[in-house]
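J.: Here it is, the structure, as structure tokens.
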Amino acid sequence: MKETPLSNCERRFLLRAIEEKKRLDGRQTYDYRNIKISFGTDYGCCIVELGKTRVLGQVSCELVSPKLNRATEGILFFNLELSQMAAPAFEPGRQSDLLVKLNRLLERCLRNSKCIDTESLCVVAGEKVWQIRVDLHLLNHDGNIIDAASIAAIVALCHFRRPDVSVQGDEVTLYTLEERDPVPLSIHHMPICVSFAFFQQGTYLLVDPSEREERVMDGLLVIAMNKHREICTIQSSGGIMLLKDQVLRCSKIAGVKVVEITELIQKALENDQKVRKEGGKFGFVESMANQRITAFKMEKAPIDTSDVEEKAEEIISEAEPPSEVVSKPVLWTPGTAQIGEGIENSWGHLEDSEKEDEDEGGSDEAIILDGMKMDTGVEVSNIGSQDAPIVLSDSEEEEMIILEPDKNPKKIRTQTISATQVKAPSKKPVKKRKKKRAAN
Amino acid sequence: AEAAGVPAESLAGCRARAARTVLDQVVLPGEELLLPDQEDGDGPGGAGERPLRLNAAARSRGRVVCGPGLRRCGDRLLVTKCGRLRHKEPGSGSGGGVYWVDSQQKRYVPVKGDHVIGIVTAKSGDIFKVDVGGSEPASLSYLAFEGATKRNRPNVQVGDLIYGQFVVANKDMEPEMVCIDSCGRANGMGVIGQDGLLFKVTLGLIRKLLAPDCEILQEVGKLYPLEIVFGMNGRIWVKAKTIQQTLILANILEACEHMTADQRKQIFSRLAES
């Protein structure tokens, strides 16, 4: 599917906002979006969220024979994939320019900076080494893929544990996770990419551009750095001319950001470690707040339903006895038997519960219920007179019963809604103002 | 609990439920529903519910309209979307009213008569190609503007925003838009100004905002003077006096989706003070 085009008005608005030092999501020039790191149940699996951009990282390993010219070094392999799930404009199975660029940048950032000790991945020199494969999947695209992907890659690598091996003579033994604790990779440092978007030929600069900002930017500068302020990679794209001062300033900003992000990563790793050790619950399911699907339900939140619940419980407790009776088949005359809700005693019980409700509910509810009660009263007398059960007739009456307990709480609910709505707005703003005055 | 409980019950039962009893509850694709006409059918000894039959007798009782998310499949009524079942009472006389499923969705599917905001992507001959967020771009004739003639062409550039209405929106066909009503008047439609901000929200939020009794809009209107256009395709164009105000409005509208009425009122009162 084609990418949604950027309209002229969006472009103009974005550029004007940037001139006024404002961003769409209210960030400052040098602010990152919120970064969230969550781990899967397996080692080496993580999801990094940078605002709405989401990258899944998964590390796997395999014993392979090494490359001929590097007999004692393990192999590192990085692969970033842009699926259609991230944005409909990404085509599956095609190496787009963007994808090639991102993969190359990731390799330069992580492999060429030698952040992982590849020699420690050697099992038998010249014969068996570990191949570590880092798969990165973009789950949602909202700009700045490279930063999110580089964080996801390094987090997944830090989190990964490979199975332990031992070499005795010529024999290589691979231990399963149960036999021996898996070993972490030895990581020298953690390179992290920081992106800078330039606008108006480098006049304006933004850190961590969002998707729409990326579309209107003139150029991009990516600096990969570790917390020791060592630059691992630097790449400028978009064909803008940058001054020496600008690059230096960017590297200073990158230094600060990388320290912050590294701290966050370490904290996340520690937390996960702690939870695993204590045997608590971990994995993606635990770390994800269930917010989206319940969005429809949120409207109901402020309604005061405390009374309704009590009443509902009472109704339920009152209504239970008939179900016990129902379980027995009733044989009335030879050839006819009855199982079900239509036996006469259920009427009596329902009516009782309603009467109690009325007593509690007060006068206004009684008015609503009056009409209902009349109906049921008539029916009860009907059934009382008919001693023989007639199954056909109660199909209509059944519906009446179903409706009544339903309607009752609903009406109460609407009353409480209106009551809370009237009360809430009048009280809350006043309180707020008072607080503010006190603060002033 | 509601969301979890209802589907489990329906799957276990594997029996069609009456549409009336599941109103405002969550329904799942593949579920079968019964309309009120079929529920209180005349079957002696039956459970009082029969699968939907669109026979002459049913039709005489009044027409039931099945909106988005529901599909008639033979003589059955199937749910095709996950969401809450809604019902609107018929305006006058008899009839079953309208049933539809209110679902959370971002992808727009063109519907005839919908007002949408589109972005012009190409000018080719006498039609414009307009991106509306659907699976394919809509076409818009240059004659479909107010006062446009063969000589007097409207001034539309690639990248401009168009507020228009669908006149053709069929399955597997290119949708067609116009910017005039049946009398040839613009009626608010046409090219949207060069300023202002366009942003995307979910389709559910748009429907919520366009509901006749929507409080959000009235509250927003009290904050700043503003111009606003809602497209049923999930696009909102908003313009206020300054960039700052426009940004605030856009962010508020976006955030409204997951806020309760109380939270919203707090935020609006805080904004009104500042």
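Residues in the structure tokens are named by chain (A, B, ... in the order shown) and by number from 1 within that chain; ligands are numbered from 1 in the order shown.
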Using only C-alpha atoms, which chain B residues lie at most 9 Å away from chain A, written as a PyMOL selection string?
T.: chain B and resi 2-3+40+44-48+84+104+119-121+131-133+135-136+158-161+193-199+243-244+247-248+250-251+257-262+265-266+269-270+273
J.: What is the CA of Asp208 (chain A) to CA of Thr202 (chain B) distance in Å?
T.: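 A separation of 24.5 Å between them.
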J.: Taking the DSSP secondary structure from the backbone, can you list the residues of region 51-250 of chain B that are alpha helix (DSSP H), as a VMD selection string?
T.: chain B and resid 56 to 60 203 to 210 215 to 223 243 to 250
J.: Out of region 62-116 of chain B, which residues get strand (DSSP E) from DSSP, as a list in words?
T.: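 Filtering region 62-116 of chain B down to strand (DSSP E) leaves Val64, Val65, Cys66, Leu70, Arg71, Arg72, Cys73, Arg76, Leu77, Leu78, Val79, Gly83, Arg84, Leu85, Arg86, His87, Lys88, Gly97, Val98, Tyr99, Trp100, Val101, Asp102, His115 and Val116 of chain B.
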J.: Using only C-alpha atoms, which residue out of B:Asn233, B:Gln263, B:Thr21, B:Thr149 lies closest to Lys200 (chain B)?
T.: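 Result for the nearest residue to Lys200 (chain B): B:Asn233.
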J.: What does the structure give for the distance between CA of Asp126 (chain B) and CA of Tyr108 (chain B), in Å to one decimal?
T.: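 Separating CA of Asp126 (chain B) from CA of Tyr108 (chain B) is a distance of 25.9 Å.
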